[in-house]
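As stored in upload.txt (compact mmCIF, C-alpha atoms):
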```
# COMPACT_ATOMS: atom_id res chain seq x y z
CA MET A 15 67.11 10.42 111.09
CA ALA A 16 66.31 7.97 113.83
CA GLY A 17 62.62 8.82 113.57
CA TYR A 18 62.49 8.27 109.78
CA ARG A 19 60.15 5.51 108.76
CA SER A 20 59.57 4.11 105.31
CA ARG A 21 56.10 4.63 103.86
CA SER A 22 56.02 1.12 102.47
CA ARG A 23 56.30 -0.40 105.93
CA SER A 24 53.61 1.74 107.48
CA ARG A 25 50.98 0.61 104.98
CA SER A 26 49.08 -2.53 105.64
CA TYR A 27 48.53 -4.99 102.87
CA SER A 28 46.62 -8.19 102.39
CA PRO A 29 48.66 -11.34 101.89
CA ARG A 30 48.62 -12.80 98.38
CA ARG A 31 46.91 -16.10 97.90
CA ARG A 32 49.18 -18.82 96.67
CA TYR A 33 46.54 -21.33 95.68
CA SER A 34 43.23 -21.13 93.92
CA ARG A 35 40.01 -21.75 95.84
CA SER A 36 38.62 -23.83 92.99
CA PRO A 37 38.90 -27.61 93.29
CA PRO A 38 41.84 -29.25 91.49
CA ARG A 39 41.30 -30.54 87.97
CA TYR A 40 41.75 -34.16 87.16
CA ARG A 41 44.51 -34.82 84.68
CA HIS A 42 44.07 -36.99 81.63
CA TYR A 43 47.18 -38.83 80.54
CA ASP A 44 47.88 -39.90 76.97
CA ASP A 45 51.01 -41.78 77.93
CA PRO A 46 51.00 -43.89 81.11
CA ARG A 47 54.56 -42.75 81.85
CA ASP A 48 53.25 -39.21 82.46
CA ARG A 49 51.25 -40.41 85.44
CA TYR A 50 54.38 -40.93 87.52
CA ARG A 51 56.25 -37.77 86.68
CA GLY A 52 53.53 -35.20 87.22
CA GLY A 53 53.37 -34.06 83.59
CA GLY A 54 50.43 -32.16 82.21
CA GLY A 55 51.45 -28.51 82.58
CA GLY A 56 49.68 -27.39 85.71
CA PRO A 57 49.10 -23.76 86.66
CA ARG A 58 52.33 -23.46 88.67
CA ARG A 59 55.12 -23.03 86.17
CA GLY A 60 58.47 -24.62 86.80
CA TYR A 61 57.29 -27.40 89.09
CA ASP A 62 56.43 -29.90 86.36
CA ARG A 63 59.69 -29.60 84.44
CA PRO A 64 61.56 -32.85 83.99
CA SER A 65 64.88 -33.04 85.79
CA ALA A 66 66.69 -34.64 82.85
CA PRO A 67 67.06 -32.86 79.48
CA THR A 68 64.71 -33.73 76.64
CA GLY A 69 66.48 -31.83 73.86
CA LEU A 70 69.36 -33.12 71.75
CA LEU A 71 71.82 -31.07 69.71
CA VAL A 72 72.69 -32.98 66.54
CA ARG A 73 75.92 -31.80 64.89
CA ASN A 74 77.39 -32.35 61.41
CA ILE A 75 74.07 -32.54 59.59
CA SER A 76 74.25 -32.47 55.79
CA LEU A 77 73.36 -29.11 54.23
CA THR A 78 70.86 -30.93 51.99
CA ALA A 79 69.05 -32.73 54.85
CA ARG A 80 65.31 -32.33 55.34
CA LEU A 81 63.25 -32.50 58.53
CA GLU A 82 62.02 -35.98 57.56
CA ASP A 83 65.63 -37.20 57.21
CA ILE A 84 66.27 -36.29 60.85
CA ARG A 85 62.85 -37.10 62.33
CA GLY A 86 62.63 -40.59 60.81
CA PRO A 87 65.62 -42.24 62.54
CA PHE A 88 64.89 -40.58 65.89
CA GLU A 89 61.18 -41.50 66.03
CA GLN A 90 61.99 -45.12 66.80
CA PHE A 91 63.15 -44.07 70.29
CA GLY A 92 59.94 -42.35 71.39
CA PRO A 93 57.50 -39.54 70.62
CA ILE A 94 59.16 -36.40 69.29
CA LYS A 95 57.93 -32.96 70.28
CA ASP A 96 59.93 -30.90 67.77
CA VAL A 97 62.69 -31.07 65.15
CA TYR A 98 64.41 -27.81 64.27
CA LEU A 99 67.11 -27.24 61.65
CA PRO A 100 68.43 -23.65 61.92
CA ARG A 101 69.10 -21.74 58.73
CA ASN A 102 71.30 -18.80 57.94
CA PHE A 103 69.01 -15.77 58.03
CA HIS A 104 70.39 -14.17 54.86
CA THR A 105 71.22 -17.16 52.62
CA LYS A 106 68.50 -19.55 53.96
CA GLU A 107 71.04 -22.43 53.89
CA LEU A 108 71.13 -24.98 56.68
CA ARG A 109 73.80 -24.29 59.27
CA GLY A 110 74.89 -27.91 59.70
CA PHE A 111 73.30 -28.70 63.06
CA GLY A 112 69.82 -29.25 64.43
CA PHE A 113 67.73 -29.92 67.51
CA VAL A 114 65.51 -32.88 68.30
CA LYS A 115 63.22 -32.48 71.31
CA PHE A 116 61.55 -35.53 72.85
CA HIS A 117 58.54 -35.67 75.15
CA HIS A 118 60.37 -37.85 77.70
CA PRO A 119 63.93 -37.52 79.05
CA GLU A 120 64.61 -41.27 79.01
CA ASP A 121 63.75 -41.40 75.30
CA ALA A 122 66.21 -38.58 74.64
CA ALA A 123 68.95 -40.34 76.61
CA TYR A 124 68.37 -43.60 74.75
CA ALA A 125 68.37 -41.85 71.35
CA LYS A 126 71.60 -40.05 72.23
CA GLN A 127 73.25 -43.31 73.20
CA GLU A 128 72.11 -45.20 70.10
CA MET A 129 72.30 -42.50 67.39
CA ASN A 130 75.64 -40.90 68.31
CA HIS A 131 78.18 -41.44 65.48
CA GLN A 132 75.55 -42.86 63.09
CA VAL A 133 75.55 -41.81 59.43
CA ILE A 134 72.59 -39.72 58.21
CA CYS A 135 72.55 -38.28 54.66
CA GLY A 136 76.16 -39.31 54.11
CA ARG A 137 77.57 -37.65 57.26
CA GLU A 138 78.51 -39.03 60.66
CA ILE A 139 76.50 -37.11 63.22
CA THR A 140 77.46 -36.39 66.82
CA ILE A 141 74.87 -35.82 69.52
CA VAL A 142 74.99 -33.99 72.85
CA PHE A 143 72.24 -32.81 75.18
CA ALA A 144 71.04 -29.31 74.28
CA GLU A 145 71.77 -26.84 77.06
CA GLU A 146 69.49 -23.98 76.04
CA ASN A 147 66.01 -23.64 74.67
CA ARG A 148 65.37 -22.81 71.05
CA LYS A 149 66.19 -19.23 70.03
CA THR A 150 63.57 -17.07 68.38
CA PRO A 151 64.18 -15.65 64.87
CA GLN A 152 64.56 -12.17 66.41
CA GLU A 153 67.38 -13.40 68.67
CA MET A 154 69.12 -15.03 65.71
CA ARG A 155 68.83 -11.87 63.59
CA PHE A 156 70.28 -9.74 66.38
CA ARG A 157 73.14 -12.19 66.91
CA THR A 158 74.02 -12.24 63.19
CA ARG A 159 73.80 -8.46 62.93
CA SER A 160 75.98 -7.86 66.01
CA ARG A 161 78.59 -10.33 64.71
CA TYR A 162 78.68 -8.44 61.39
CA ILE A 163 79.07 -5.08 63.16
CA ARG A 164 81.94 -6.45 65.31
CA THR A 165 83.70 -7.77 62.20
CA VAL A 166 83.36 -4.45 60.40
CA PHE A 167 84.61 -2.56 63.45
CA TYR A 168 87.54 -4.94 63.98
CA LEU A 169 88.71 -4.88 60.36
CA GLY A 170 88.13 -1.14 60.00
CA ILE A 171 85.87 -1.53 56.96
CA ARG A 172 83.46 1.34 56.48
```
Write out the structure in this file as structure tokens.
Amino acid sequence: MAGYRSRSRSRSYSPRRRYSRSPPRYRHYDDPRDRYRGGGGGPRRGYDRPSAPTGLLVRNISLTARLEDIRGPFEQFGPIKDVYLPRNFHTKELRGFGFVKFHHPEDAAYAKQEMNHQVICGREITIVFAEENRKTPQEMRFRTRSRYIRTVFYLGIR
């Protein structure tokens, strides 16, 4: 087997280009703070991500809260990208927590500091930085279904 040689090594290949030959585009900035952090979503994914988190997990939200009830108090700290209040897939009721995503990490940090333990819709909320990105409805359905199947299997209900 000393003379065995892999076919993949014997073939020659052309090196892949890492950069485009076209000239770079000029970025237009809506917010002057973006100029210094390289925002703008260039073609190379992952390089323009902010180092600090921009998403907040808001816990203990009232089950009767609306998006406006959450967005309103948080908008005073900076521009908001998204507010998401998860619902139970089957009953459509709020699950008691939500996510607020800011455009800038320093706005998220300031909002966390100022809004933690404030009362919204009659409940004292707690805020932490969100660790994961938002789940899709398909992921939530699968998670609920698998939890139900585990419960049925564990209790022996058939």
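Near segment 107-113 of chain A, within a cut-off of 8 Å and counting all atoms listed in the file, sit the residues Gly69, Leu70, Leu71, Val72, Arg73, Asn74, Ile75, Ser76, Leu77, Thr78, Asp96, Val97, Tyr98, Leu99, Pro100, Arg101, Asn102 and Ala144 of chain A, with same-chain residues fewer than 3 positions away left out.
We find atom CA of Cys135 of chain A and atom CA of Phe88 of chain A to be spaced 13.8 Å apart.
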>> To one decimal place in Å, what is the distance between atom CA of Lys115 of chain A and atom CA of Pro151 of chain A?
In response: 18.0 Å
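Here atom CA of Met129 of chain A stands at a distance of 11.2 Å from atom CA of Glu89 of chain A.
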> Near His118 of chain A, within 8 Å and counting only C-alpha atoms, which residues show up once chain neighbours fewer than 4 positions away are dropped, as a ChimeraX atom specification?
Replying inline: /A:68,92-93,122
> So which one's closest to Gln152 of chain A, A:Pro119, A:Phe103, A:Ala79, A:Pro87? Using all atoms listed in the file, please.
Replying inline: A:Phe103
> Hey, can you pull every residue with an atom no more than 9 Å from (71.6, -42.6, 67.8), using all atoms listed in the file, and send it as a PyMOL selection string?
Replying inline: chain A and resi 87-88+91+124-132+139-141
